>>> print(open('input_26.txt').read())   # compact mmCIF, C-alpha atoms (C1' of nucleotides)
# COMPACT_ATOMS: atom_id res chain seq x y z
CA MET A 1 -29.14 12.32 3.59
CA ARG A 2 -30.91 9.43 2.13
CA GLU A 3 -33.62 9.72 -0.36
CA THR A 4 -36.13 7.37 -1.72
CA SER A 5 -33.75 6.08 -4.31
CA ARG A 6 -30.56 4.40 -3.27
CA SER A 7 -29.32 2.77 -0.18
CA GLN A 8 -26.50 4.79 1.21
CA GLU A 9 -24.84 2.47 3.58
CA SER A 10 -24.03 -0.47 1.38
CA GLY A 11 -20.41 -1.32 0.74
CA PRO A 12 -18.75 -1.82 -2.61
CA ALA A 13 -20.30 -4.48 -4.74
CA VAL A 14 -18.93 -7.39 -6.64
CA MET A 15 -20.65 -7.37 -9.93
CA PRO A 16 -21.98 -4.77 -12.33
CA ALA A 17 -25.61 -3.81 -12.12
CA GLY A 18 -27.48 -5.72 -14.76
CA ALA A 19 -25.80 -9.02 -14.01
CA PRO A 20 -28.44 -11.70 -13.66
CA ALA A 21 -29.20 -12.16 -9.98
CA ALA A 22 -27.98 -15.57 -8.94
CA GLU A 23 -30.42 -18.26 -7.99
CA ASP A 24 -30.27 -19.32 -4.44
CA VAL A 25 -29.61 -22.82 -5.68
CA PRO A 26 -25.90 -23.11 -6.29
CA GLY A 27 -24.51 -25.02 -9.20
CA THR A 28 -27.37 -24.57 -11.59
CA THR A 29 -25.38 -22.61 -14.11
CA GLU A 30 -21.97 -24.14 -13.68
CA ASP A 31 -21.53 -27.67 -12.52
CA VAL A 32 -18.14 -28.75 -13.75
CA PRO A 33 -15.32 -27.34 -11.65
CA GLY A 34 -12.30 -26.33 -13.64
CA THR A 35 -14.41 -25.68 -16.69
CA ALA A 36 -14.93 -22.19 -17.98
CA GLY A 37 -18.67 -22.31 -17.70
CA GLU A 38 -21.28 -19.72 -16.90
CA VAL A 39 -20.59 -17.27 -14.13
CA ARG A 40 -21.99 -18.13 -10.75
CA TRP A 41 -22.97 -14.68 -9.53
CA LEU A 42 -23.48 -14.08 -5.85
CA THR A 43 -26.91 -14.48 -4.35
CA ALA A 44 -28.47 -11.47 -2.69
CA GLU A 45 -27.51 -12.81 0.73
CA GLN A 46 -23.96 -13.49 -0.30
CA GLN A 47 -23.63 -10.09 -1.81
CA ALA A 48 -24.99 -8.43 1.30
CA SER A 49 -22.42 -10.22 3.43
CA TRP A 50 -19.65 -9.38 1.04
CA ARG A 51 -20.56 -5.72 0.99
CA ALA A 52 -20.76 -5.60 4.76
CA TYR A 53 -17.33 -7.13 4.87
CA LEU A 54 -15.85 -4.57 2.49
CA LEU A 55 -17.44 -1.63 4.23
CA GLY A 56 -16.49 -2.85 7.67
CA VAL A 57 -12.90 -3.53 6.73
CA ALA A 58 -12.56 -0.10 5.15
CA ARG A 59 -13.98 1.71 8.15
CA LEU A 60 -12.11 -0.31 10.70
CA THR A 61 -8.82 0.16 8.90
CA GLU A 62 -9.51 3.85 8.59
CA ALA A 63 -10.27 4.22 12.28
CA LEU A 64 -7.30 2.19 13.45
CA SER A 65 -4.74 3.84 11.24
CA ARG A 66 -5.93 7.29 12.13
CA GLU A 67 -5.72 6.53 15.81
CA LEU A 68 -2.29 4.99 15.51
CA ASP A 69 -0.88 7.77 13.41
CA ASP A 70 -2.31 10.56 15.57
CA ASP A 71 -1.29 8.86 18.74
CA ALA A 72 2.13 7.44 17.96
CA GLY A 73 3.11 8.50 14.46
CA LEU A 74 3.05 4.91 13.26
CA SER A 75 1.30 3.28 10.37
CA LEU A 76 -0.53 0.02 10.86
CA SER A 77 2.18 -1.93 9.06
CA GLU A 78 4.94 -0.33 11.08
CA TYR A 79 3.07 -1.18 14.24
CA GLU A 80 2.63 -4.76 13.17
CA ILE A 81 6.31 -5.11 12.38
CA LEU A 82 7.19 -3.81 15.81
CA VAL A 83 4.79 -6.22 17.47
CA ARG A 84 6.28 -9.16 15.63
CA LEU A 85 9.74 -8.14 16.64
CA SER A 86 8.69 -7.66 20.25
CA GLU A 87 7.55 -11.26 20.32
CA ALA A 88 10.56 -12.74 18.62
CA PRO A 89 13.51 -14.22 20.51
CA GLU A 90 16.05 -11.45 21.03
CA ARG A 91 13.47 -9.17 19.48
CA THR A 92 15.01 -10.16 16.21
CA ALA A 93 13.56 -11.74 13.11
CA ARG A 94 14.52 -12.52 9.56
CA MET A 95 13.29 -10.11 6.93
CA SER A 96 11.69 -12.89 4.92
CA GLU A 97 9.95 -14.27 7.98
CA LEU A 98 8.48 -10.87 8.73
CA ALA A 99 7.44 -10.36 5.14
CA HIS A 100 5.75 -13.73 4.96
CA SER A 101 3.90 -13.56 8.24
CA LEU A 102 2.64 -10.04 7.57
CA VAL A 103 1.78 -10.78 3.95
CA HIS A 104 4.01 -8.01 2.70
CA SER A 105 6.21 -8.19 -0.37
CA ARG A 106 9.92 -8.44 0.39
CA SER A 107 10.35 -5.12 -1.30
CA ARG A 108 7.73 -3.45 0.82
CA LEU A 109 9.32 -4.82 3.94
CA THR A 110 12.73 -3.57 2.88
CA HIS A 111 11.38 -0.06 2.40
CA THR A 112 9.40 -0.01 5.61
CA VAL A 113 12.25 -1.40 7.68
CA SER A 114 14.56 1.17 6.13
CA ARG A 115 12.27 3.90 7.33
CA LEU A 116 12.04 2.36 10.78
CA GLU A 117 15.81 2.05 10.85
CA LYS A 118 16.20 5.69 9.90
CA ARG A 119 14.04 6.55 12.90
CA GLY A 120 16.18 4.41 15.16
CA LEU A 121 13.39 1.97 16.01
CA VAL A 122 14.96 -1.04 14.33
CA GLU A 123 18.45 -2.20 13.39
CA ARG A 124 19.66 -4.42 10.60
CA ARG A 125 22.12 -7.18 11.43
CA SER A 126 23.62 -9.74 9.17
CA CYS A 127 22.44 -13.26 9.72
CA ALA A 128 25.08 -15.68 10.98
CA ALA A 129 23.32 -18.83 9.88
CA ASP A 130 22.54 -17.77 6.34
CA GLY A 131 24.76 -15.46 4.37
CA ARG A 132 21.86 -14.27 2.28
CA GLY A 133 19.72 -13.35 5.24
CA VAL A 134 19.27 -10.14 7.15
CA ASN A 135 17.93 -9.84 10.64
CA ALA A 136 15.81 -6.97 11.79
CA ALA A 137 16.28 -6.24 15.47
CA MET A 138 14.14 -3.94 17.52
CA THR A 139 15.97 -1.24 19.45
CA ASP A 140 15.08 -0.19 22.98
CA GLU A 141 13.63 2.96 21.49
CA GLY A 142 11.50 0.86 19.21
CA TYR A 143 10.26 -1.18 22.10
CA ALA A 144 9.53 1.92 24.13
CA LEU A 145 7.53 3.41 21.30
CA LEU A 146 5.55 0.20 20.90
CA VAL A 147 4.79 0.11 24.62
CA ALA A 148 3.61 3.68 24.42
CA ALA A 149 1.49 3.07 21.37
CA ALA A 150 -0.13 -0.21 22.38
CA PRO A 151 -2.73 0.98 24.90
CA GLY A 152 -4.33 3.41 22.49
CA HIS A 153 -4.31 0.88 19.72
CA VAL A 154 -5.84 -1.86 21.83
CA ARG A 155 -8.45 0.59 23.02
CA ALA A 156 -9.32 1.37 19.42
CA VAL A 157 -9.49 -2.29 18.46
CA ARG A 158 -11.88 -2.84 21.34
CA GLU A 159 -13.95 0.21 20.65
CA HIS A 160 -14.43 -0.50 16.98
CA LEU A 161 -14.46 -4.27 16.91
CA VAL A 162 -14.05 -6.42 19.98
CA ASP A 163 -16.43 -4.60 22.25
CA VAL A 164 -19.15 -4.12 19.65
CA LEU A 165 -19.42 -7.87 19.06
CA THR A 166 -20.55 -10.61 21.37
CA PRO A 167 -17.80 -13.09 22.25
CA GLU A 168 -19.56 -15.58 19.98
CA GLN A 169 -19.63 -13.15 17.09
CA LEU A 170 -15.98 -12.34 17.50
CA ALA A 171 -15.08 -16.01 17.63
CA ALA A 172 -17.18 -16.68 14.52
CA LEU A 173 -15.46 -13.83 12.74
CA GLY A 174 -12.08 -15.27 13.61
CA GLU A 175 -13.05 -18.75 12.53
CA ALA A 176 -14.40 -17.55 9.23
CA MET A 177 -11.37 -15.44 8.45
CA ALA A 178 -9.09 -18.32 9.35
CA LEU A 179 -10.54 -20.26 6.44
CA VAL A 180 -9.86 -17.49 3.98
CA ALA A 181 -7.27 -17.48 1.25
CA PRO A 182 -4.94 -20.02 2.83
CA ASP A 183 -1.60 -18.67 1.70
CA VAL A 184 -1.63 -17.17 -1.72
CA THR A 185 2.11 -17.11 -2.16
CA GLY A 186 2.42 -20.86 -1.84
CA MET B 187 -0.11 -24.09 19.22
CA ARG B 188 2.35 -21.80 20.66
CA GLU B 189 5.54 -23.64 21.36
CA THR B 190 9.01 -22.69 22.19
CA SER B 191 9.90 -21.94 18.63
CA ARG B 192 7.03 -19.93 17.21
CA SER B 193 3.99 -20.57 15.23
CA GLN B 194 4.45 -19.54 11.66
CA GLU B 195 0.92 -18.91 10.60
CA SER B 196 -0.33 -16.38 13.10
CA GLY B 197 -1.33 -12.93 11.92
CA PRO B 198 -0.14 -9.58 13.23
CA ALA B 199 -0.72 -8.94 16.87
CA VAL B 200 -2.16 -6.11 18.81
CA MET B 201 0.06 -5.61 21.76
CA PRO B 202 3.73 -5.90 22.52
CA ALA B 203 5.04 -9.11 23.96
CA GLY B 204 5.40 -8.64 27.66
CA ALA B 205 2.03 -7.00 28.10
CA PRO B 206 0.21 -8.71 30.93
CA ALA B 207 -2.08 -11.32 29.42
CA ALA B 208 -5.63 -10.24 30.04
CA GLU B 209 -7.79 -12.18 32.40
CA ASP B 210 -10.71 -13.88 30.82
CA VAL B 211 -12.88 -11.93 33.19
CA PRO B 212 -13.48 -8.56 31.61
CA GLY B 213 -13.50 -5.40 33.62
CA THR B 214 -11.15 -6.45 36.33
CA THR B 215 -8.55 -3.87 35.55
CA GLU B 216 -10.73 -1.05 34.30
CA ASP B 217 -14.27 -0.66 35.46
CA VAL B 218 -15.18 2.92 34.83
CA PRO B 219 -15.91 3.64 31.20
CA GLY B 220 -14.66 6.99 30.01
CA THR B 221 -11.92 7.00 32.57
CA ALA B 222 -8.32 6.73 31.56
CA GLY B 223 -7.70 3.67 33.66
CA GLU B 224 -5.62 0.59 33.19
CA VAL B 225 -5.41 -0.95 29.78
CA ARG B 226 -7.78 -3.79 29.08
CA TRP B 227 -5.57 -6.03 26.97
CA LEU B 228 -7.14 -8.63 24.77
CA THR B 229 -7.70 -12.10 26.09
CA ALA B 230 -5.99 -14.98 24.33
CA GLU B 231 -9.21 -15.82 22.49
CA GLN B 232 -9.81 -12.27 21.42
CA GLN B 233 -6.28 -11.94 20.23
CA ALA B 234 -6.51 -15.14 18.24
CA SER B 235 -9.64 -13.88 16.50
CA TRP B 236 -8.09 -10.53 15.84
CA ARG B 237 -5.00 -12.06 14.33
CA ALA B 238 -7.04 -14.36 12.16
CA TYR B 239 -8.92 -11.34 10.96
CA LEU B 240 -5.78 -9.42 10.09
CA LEU B 241 -4.17 -12.33 8.33
CA GLY B 242 -7.31 -13.23 6.43
CA VAL B 243 -7.94 -9.69 5.28
CA ALA B 244 -4.37 -9.33 4.10
CA ARG B 245 -4.41 -12.56 2.14
CA LEU B 246 -7.82 -12.04 0.68
CA THR B 247 -6.99 -8.53 -0.43
CA GLU B 248 -3.75 -9.74 -1.92
CA ALA B 249 -5.48 -12.51 -3.86
CA LEU B 250 -8.29 -10.34 -5.13
CA SER B 251 -6.16 -7.45 -6.23
CA ARG B 252 -3.71 -9.70 -8.01
CA GLU B 253 -6.51 -11.41 -9.89
CA LEU B 254 -8.17 -8.15 -10.83
CA ASP B 255 -4.99 -6.51 -11.97
CA ASP B 256 -3.77 -9.49 -13.99
CA ASP B 257 -7.14 -10.06 -15.50
CA ALA B 258 -8.42 -6.57 -16.22
CA GLY B 259 -5.74 -4.07 -15.31
CA LEU B 260 -7.89 -2.63 -12.55
CA SER B 261 -7.18 -2.01 -8.91
CA LEU B 262 -9.72 -2.99 -6.30
CA SER B 263 -10.70 0.63 -5.73
CA GLU B 264 -11.10 1.32 -9.41
CA TYR B 265 -13.29 -1.74 -9.71
CA GLU B 266 -15.42 -0.66 -6.80
CA ILE B 267 -15.91 2.78 -8.28
CA LEU B 268 -17.03 1.26 -11.55
CA VAL B 269 -19.49 -1.01 -9.79
CA ARG B 270 -21.00 1.88 -7.89
CA LEU B 271 -21.41 3.85 -11.07
CA SER B 272 -22.93 0.88 -12.87
CA GLU B 273 -25.63 0.75 -10.21
CA ALA B 274 -26.35 4.45 -10.11
CA PRO B 275 -29.15 6.10 -12.07
CA GLU B 276 -27.73 7.18 -15.42
CA ARG B 277 -24.54 5.47 -14.30
CA THR B 278 -23.70 8.78 -12.72
CA ALA B 279 -22.89 9.72 -9.16
CA ARG B 280 -21.61 12.67 -7.20
CA MET B 281 -17.96 12.58 -6.29
CA SER B 282 -18.69 13.06 -2.63
CA GLU B 283 -21.27 10.30 -2.64
CA LEU B 284 -18.75 7.92 -4.14
CA ALA B 285 -16.08 8.97 -1.71
CA HIS B 286 -18.33 8.52 1.26
CA SER B 287 -19.78 5.16 0.32
CA LEU B 288 -16.38 3.72 -0.55
CA VAL B 289 -14.72 5.22 2.52
CA HIS B 290 -12.19 7.05 0.41
CA SER B 291 -10.92 10.56 1.05
CA ARG B 292 -12.18 13.15 -1.40
CA SER B 293 -8.63 13.67 -2.52
CA ARG B 294 -8.12 10.01 -3.19
CA LEU B 295 -11.30 9.85 -5.19
CA THR B 296 -10.30 12.88 -7.23
CA HIS B 297 -7.00 11.26 -8.17
CA THR B 298 -8.48 7.87 -8.96
CA VAL B 299 -11.31 9.30 -11.03
CA SER B 300 -8.78 11.43 -12.90
CA ARG B 301 -6.90 8.29 -13.84
CA LEU B 302 -10.09 6.54 -14.87
CA GLU B 303 -11.05 9.56 -16.90
CA LYS B 304 -7.67 9.55 -18.62
CA ARG B 305 -8.36 5.95 -19.63
CA GLY B 306 -11.76 6.89 -20.98
CA LEU B 307 -13.68 4.77 -18.49
CA VAL B 308 -15.36 7.65 -16.71
CA GLU B 309 -16.35 11.23 -17.51
CA ARG B 310 -16.71 14.28 -15.33
CA ARG B 311 -19.82 16.43 -15.69
CA SER B 312 -20.79 19.48 -13.77
CA CYS B 313 -23.68 19.08 -11.43
CA ALA B 314 -26.80 21.03 -12.33
CA ALA B 315 -28.32 21.01 -8.87
CA ASP B 316 -25.26 22.12 -6.96
CA GLY B 317 -22.67 24.44 -8.42
CA ARG B 318 -19.97 22.99 -6.20
CA GLY B 319 -20.66 19.44 -7.19
CA VAL B 320 -19.15 17.24 -9.86
CA ASN B 321 -20.72 14.14 -11.30
CA ALA B 322 -18.74 11.14 -12.37
CA ALA B 323 -20.40 9.26 -15.22
CA MET B 324 -19.37 5.88 -16.50
CA THR B 325 -18.71 5.64 -20.22
CA ASP B 326 -19.75 2.71 -22.36
CA GLU B 327 -16.14 1.65 -22.42
CA GLY B 328 -16.09 1.73 -18.66
CA TYR B 329 -19.17 -0.42 -18.49
CA ALA B 330 -17.76 -2.85 -21.03
CA LEU B 331 -14.56 -3.21 -19.04
CA LEU B 332 -16.51 -3.82 -15.87
CA VAL B 333 -18.61 -6.48 -17.54
CA ALA B 334 -15.45 -8.14 -18.77
CA ALA B 335 -13.77 -7.97 -15.39
CA ALA B 336 -16.66 -9.08 -13.22
CA PRO B 337 -16.72 -12.83 -13.88
CA GLY B 338 -13.11 -13.32 -12.89
CA HIS B 339 -13.51 -11.16 -9.84
CA VAL B 340 -16.64 -12.95 -8.67
CA ARG B 341 -14.92 -16.26 -9.25
CA ALA B 342 -12.05 -15.10 -7.05
CA VAL B 343 -14.38 -13.86 -4.32
CA ARG B 344 -16.05 -17.25 -4.34
CA GLU B 345 -12.85 -19.21 -4.44
CA HIS B 346 -11.20 -17.37 -1.59
CA LEU B 347 -14.15 -16.49 0.59
CA VAL B 348 -17.71 -17.38 -0.26
CA ASP B 349 -17.15 -20.98 -1.25
CA VAL B 350 -14.78 -21.78 1.60
CA LEU B 351 -17.36 -20.82 4.21
CA THR B 352 -20.68 -22.38 5.03
CA PRO B 353 -23.65 -20.12 4.32
CA GLU B 354 -24.00 -19.68 8.07
CA GLN B 355 -20.38 -18.66 8.45
CA LEU B 356 -20.64 -16.17 5.64
CA ALA B 357 -23.79 -14.70 7.11
CA ALA B 358 -22.14 -14.47 10.53
CA LEU B 359 -19.15 -12.75 9.00
CA GLY B 360 -21.41 -10.22 7.33
CA GLU B 361 -23.38 -9.59 10.49
CA ALA B 362 -20.26 -9.09 12.54
CA MET B 363 -18.70 -6.72 10.06
CA ALA B 364 -21.90 -4.75 9.81
CA LEU B 365 -21.49 -3.82 13.46
CA VAL B 366 -18.00 -2.52 12.98
CA ALA B 367 -16.88 1.08 13.07
CA PRO B 368 -20.22 2.63 12.22
CA ASP B 369 -19.10 5.60 10.20
CA VAL B 370 -15.92 7.17 11.39
CA THR B 371 -16.27 10.38 9.47
CA GLY B 372 -19.51 11.31 11.17
C1' DC C 373 -27.02 42.43 1.41
C1' DC C 374 -22.82 40.91 3.88
C1' DC C 375 -20.13 38.22 6.47
C1' DA C 376 -19.05 33.78 8.60
C1' DT C 377 -18.97 29.14 8.20
C1' DA C 378 -19.66 24.70 6.13
C1' DT C 379 -19.52 21.79 2.04
C1' DA C 380 -17.47 20.16 -2.63
C1' DG C 381 -13.72 19.43 -5.18
C1' DT C 382 -8.94 20.08 -6.83
C1' DT C 383 -3.96 20.62 -6.56
C1' DG C 384 0.92 19.54 -5.63
C1' DA C 385 4.32 17.78 -2.54
C1' DA C 386 5.66 14.13 0.33
C1' DT C 387 5.06 9.44 1.66
C1' DC C 388 4.13 4.71 0.80
C1' DG C 389 3.67 0.53 -2.18
C1' DT C 390 4.52 -2.12 -6.49
C1' DC C 391 7.13 -3.82 -10.06
C1' DA C 392 11.08 -5.32 -12.59
C1' DA C 393 15.83 -5.70 -12.51
C1' DC C 394 19.78 -6.74 -10.05
C1' DA C 395 23.38 -8.94 -6.80
C1' DC C 396 24.47 -12.32 -3.79
C1' DT C 397 24.22 -16.89 -1.24
C1' DT C 398 22.75 -21.52 -0.86
C1' DG C 399 21.98 -26.08 -2.33
C1' DC C 400 21.51 -29.47 -5.63
C1' DT C 401 23.33 -32.41 -9.17
C1' DA C 402 26.12 -34.09 -12.50
C1' DT D 403 33.66 -28.45 -8.38
C1' DA D 404 31.35 -26.26 -11.87
C1' DG D 405 27.11 -24.97 -13.02
C1' DC D 406 22.50 -23.65 -12.25
C1' DA D 407 18.00 -23.10 -10.10
C1' DA D 408 15.93 -21.29 -6.12
C1' DG D 409 15.90 -18.29 -2.14
C1' DT D 410 17.09 -13.42 0.17
C1' DG D 411 17.32 -8.94 0.01
C1' DT D 412 18.03 -4.35 -2.14
C1' DT D 413 17.42 -0.69 -5.50
C1' DG D 414 15.22 2.81 -8.37
C1' DA D 415 11.47 4.14 -11.13
C1' DC D 416 6.84 4.57 -11.29
C1' DG D 417 2.12 4.59 -9.46
C1' DA D 418 -1.09 5.33 -5.75
C1' DT D 419 -2.39 7.57 -1.29
C1' DT D 420 -2.13 11.13 2.20
C1' DC D 421 -1.84 15.64 3.81
C1' DA D 422 -2.17 20.47 3.85
C1' DA D 423 -3.40 24.30 1.30
C1' DC D 424 -6.46 26.47 -1.87
C1' DT D 425 -10.74 27.78 -4.91
C1' DA D 426 -15.44 28.09 -5.30
C1' DT D 427 -20.22 27.56 -4.15
C1' DA D 428 -23.90 27.08 -0.68
C1' DT D 429 -26.17 28.21 3.62
C1' DG D 430 -27.54 30.78 7.66
C1' DG D 431 -27.72 34.88 10.55
C1' DG D 432 -27.33 39.72 11.45
>>> encode(input="input_26.txt", output="structure tokens")
Amino acid sequence: MRETSRSQESGPAVMPAGAPAAEDVPGTTEDVPGTAGEVRWLTAEQQASWRAYLLGVARLTEALSRELDDDAGLSLSEYEILVRLSEAPERTARMSELAHSLVHSRSRLTHTVSRLEKRGLVERRSCAADGRGVNAAMTDEGYALLVAAAPGHVRAVREHLVDVLTPEQLAALGEAMALVAPDVTG
Amino acid sequence: MRETSRSQESGPAVMPAGAPAAEDVPGTTEDVPGTAGEVRWLTAEQQASWRAYLLGVARLTEALSRELDDDAGLSLSEYEILVRLSEAPERTARMSELAHSLVHSRSRLTHTVSRLEKRGLVERRSCAADGRGVNAAMTDEGYALLVAAAPGHVRAVREHLVDVLTPEQLAALGEAMALVAPDVTG
DNA sequence: CCCATATAGTTGAATCGTCAACACTTGCTA
DNA sequence: TAGCAAGTGTTGACGATTCAACTATATGGG
């Protein structure tokens, strides 16, 4: 499966082959932030980490969504919406709050909630406090489905991520990801 | 960080509210691997890491795909395909090889490559060695577009990930992700 | 050689997500 | 209090992905 030529397990790359490999000394080609200077390509180490990230995310997502769909007929985003609602007071939350916290577009959330509503897992209610707002409320059926789906999902998260890392590695992963892309929509 | 109201910045959760919070001592509820025993919920720390991961991935993906689309009219997957081809001998690779290394379904790859082909960025060629196979080959136009797109993309990867982490954090992230979901399709 | 099975790739329908346009409410300010 | 920008949410069209067939070639065993 793997010949002398190319590595088979590397994830997607960042730059085209032929780009000058970056020096390990940062800032040698571009020193003035905000200026359209030379490109600071990734070093070999950085690129290796980045590819591992991309490959890992793809595989993990693949594994988790397959499990969830097979096991409960839910997509990852539907599951996440249900979890958020299960935690909210009255199991109810504003559409915009859901959209923001899940990093979904408002449109996407509208469509997904519509599908969930059609399945009887969620209800829409008008928002007393704000005439523009709409509340999504989880039904008992929705909660029951979430309760049924959760064990398998948690098992999968453990199997593919939590239990394959040391506690230190998992904590480091969380800390690193917490520094990432701090709110794009701001 | 978790008050009566609700934290606004936490990512999607794993389990429904109301699930018994896991002890910090693992294995107390389920000791026999392979047995369908009690659910081992995530501890508070594990859940925090997991949520940070989900939120970070969502935001990073959002930022990178917006940049790439605005800047070059490419999706993340299209970009990744082009990078793979740019690295391959003769800028040519088997469809199945691409699909596997990018963790895409064969069907998805077929559709995406068809779109790229329609735009003149990629060509299909029959595979001499294997009558079933199809090679995807990058055109000069495809390479030119990749070269044009790469600087902005690399800048975004740096801005949102590489440059916000210490080298140690980035390396740790890569090492952790490399342990994840080792090939689902196997 | 022939059949069975596995691998490679495509197709079309259904589902899901994005994008731009729209309608409505709120809140500011003049 | 009229007017207008910003915030909320929906809609429909279009694009992208998934899923279940389906074709065709390769491989291995009688």
>>> closest_atom_pairs(input="input_26.txt", of="chain C", to="chain A", cutoff="7 Å", atoms="all atoms listed in the file", output="Markdown table")
| residue | atom | partner | partner_atom | distance |
| --- | --- | --- | --- | --- |
| C:DG389 | C1' | A:Arg108 | CA | 6.4 |
| C:DC396 | C1' | A:Arg132 | CA | 6.9 |
| C:DT397 | C1' | A:Arg132 | CA | 5.0 |
>>> interface_residues(input="input_26.txt", of="chain A", to="chain B", cutoff="6 Å", atoms="all atoms listed in the file", output="list in words")
Pro12, Met15, Pro16, Ala17, Val39, Ser49, Ala52, Tyr53, Gly56, Arg59, Leu60, Glu80, Val83, Ser86, Glu87, Ala150, Pro151, His160, Leu161, Ala171, Leu173, Gly174, Met177, Ala178, Val180 and Ala181 of chain A
>>> write_last_selection(input="input_26.txt", atoms="C-alpha atoms", output="CSV table (one decimal), keeping the file's coordinate frame")
chain,number,residue,atom,x,y,z
A,12,PRO,CA,-18.8,-1.8,-2.6
A,15,MET,CA,-20.6,-7.4,-9.9
A,16,PRO,CA,-22.0,-4.8,-12.3
A,17,ALA,CA,-25.6,-3.8,-12.1
A,39,VAL,CA,-20.6,-17.3,-14.1
A,49,SER,CA,-22.4,-10.2,3.4
A,52,ALA,CA,-20.8,-5.6,4.8
A,53,TYR,CA,-17.3,-7.1,4.9
A,56,GLY,CA,-16.5,-2.8,7.7
A,59,ARG,CA,-14.0,1.7,8.2
A,60,LEU,CA,-12.1,-0.3,10.7
A,80,GLU,CA,2.6,-4.8,13.2
A,83,VAL,CA,4.8,-6.2,17.5
A,86,SER,CA,8.7,-7.7,20.2
A,87,GLU,CA,7.6,-11.3,20.3
A,150,ALA,CA,-0.1,-0.2,22.4
A,151,PRO,CA,-2.7,1.0,24.9
A,160,HIS,CA,-14.4,-0.5,17.0
A,161,LEU,CA,-14.5,-4.3,16.9
A,171,ALA,CA,-15.1,-16.0,17.6
A,173,LEU,CA,-15.5,-13.8,12.7
A,174,GLY,CA,-12.1,-15.3,13.6
A,177,MET,CA,-11.4,-15.4,8.4
A,178,ALA,CA,-9.1,-18.3,9.4
A,180,VAL,CA,-9.9,-17.5,4.0
A,181,ALA,CA,-7.3,-17.5,1.2
>>> residues_around(input="input_26.txt", residues="DT412 of chain D", least_positions_apart="2", cutoff="10 Å", atoms="all atoms listed in the file", output="PDB file with C-alpha atoms (C1' of nucleotides), in the coordinates of the input")
ATOM      1  CA  ARG A 106       9.920  -8.440   0.390  1.00  0.00           C
ATOM      2  CA  SER A 107      10.350  -5.120  -1.300  1.00  0.00           C
ATOM      3  CA  THR A 110      12.730  -3.570   2.880  1.00  0.00           C
ATOM      4  CA  HIS A 111      11.380  -0.060   2.400  1.00  0.00           C
TER       5      HIS A 111
ATOM      6  C1'  DC C 394      19.780  -6.740 -10.050  1.00  0.00           C
ATOM      7  C1'  DA C 395      23.380  -8.940  -6.800  1.00  0.00           C
TER       8       DA C 395
ATOM      9  C1'  DT D 410      17.090 -13.420   0.170  1.00  0.00           C
ATOM     10  C1'  DG D 414      15.220   2.810  -8.370  1.00  0.00           C
TER      11       DG D 414
END
>>> atom_distance(input="input_26.txt", atom1="atom C1' of DA407 of chain D", atom2="atom CA of Asn135 of chain A")
24.6 Å
>>> residues_around(input="input_26.txt", residues="DA415 of chain D", least_positions_apart="4", cutoff="12 Å", atoms="only C-alpha atoms (C1' of nucleotides)", output="JSON, numbers by chain")
{"C": [390, 391, 392, 393]}
>>> atom_distance(input="input_26.txt", atom1="atom CA of Ala136 of chain A", atom2="atom CA of Val122 of chain A")
6.5 Å
>>> atom_distance(input="input_26.txt", atom1="atom C1' of DG430 of chain D", atom2="atom CA of Ala314 of chain B")
22.3 Å
>>> interface_residues(input="input_26.txt", of="chain D", to="chain B", cutoff="12 Å", atoms="all atoms listed in the file", output="PyMOL selection string")
chain D and resi 417-422+425-428
>>> residues_around(input="input_26.txt", residues="Glu309 of chain B", least_positions_apart="2", cutoff="7 Å", atoms="all atoms listed in the file", output="PyMOL selection string")
chain B and resi 303+311+322-325
>>> decode(input="input_26.txt", residues="segment 403-425 of chain D", atoms="C-alpha atoms (C1' of nucleotides)", output="PDB file, in the first residue's frame")
ATOM      1  C1'  DT D 403     -42.359  60.641  16.619  1.00  0.00           C
ATOM      2  C1'  DA D 404     -40.403  60.011  12.370  1.00  0.00           C
ATOM      3  C1'  DG D 405     -36.723  58.068  10.443  1.00  0.00           C
ATOM      4  C1'  DC D 406     -33.027  54.942  10.065  1.00  0.00           C
ATOM      5  C1'  DA D 407     -29.400  51.702  11.271  1.00  0.00           C
ATOM      6  C1'  DA D 408     -28.736  47.416  13.427  1.00  0.00           C
ATOM      7  C1'  DG D 409     -30.374  42.997  15.051  1.00  0.00           C
ATOM      8  C1'  DT D 410     -33.504  38.513  14.314  1.00  0.00           C
ATOM      9  C1'  DG D 411     -35.222  35.298  11.700  1.00  0.00           C
ATOM     10  C1'  DT D 412     -37.095  33.236   7.397  1.00  0.00           C
ATOM     11  C1'  DT D 413     -37.224  32.048   2.539  1.00  0.00           C
ATOM     12  C1'  DG D 414     -35.917  30.122  -1.924  1.00  0.00           C
ATOM     13  C1'  DA D 415     -32.445  29.199  -5.170  1.00  0.00           C
ATOM     14  C1'  DC D 416     -28.280  27.242  -5.826  1.00  0.00           C
ATOM     15  C1'  DG D 417     -24.216  24.485  -4.608  1.00  0.00           C
ATOM     16  C1'  DA D 418     -22.093  20.741  -2.136  1.00  0.00           C
ATOM     17  C1'  DT D 419     -22.373  16.158   0.223  1.00  0.00           C
ATOM     18  C1'  DT D 420     -24.385  11.689   1.142  1.00  0.00           C
ATOM     19  C1'  DC D 421     -26.451   7.519  -0.027  1.00  0.00           C
ATOM     20  C1'  DA D 422     -27.794   3.721  -2.708  1.00  0.00           C
ATOM     21  C1'  DA D 423     -27.547   1.735  -7.028  1.00  0.00           C
ATOM     22  C1'  DC D 424     -24.936   0.657 -11.046  1.00  0.00           C
ATOM     23  C1'  DT D 425     -20.926  -0.295 -14.555  1.00  0.00           C
TER      24       DT D 425
END
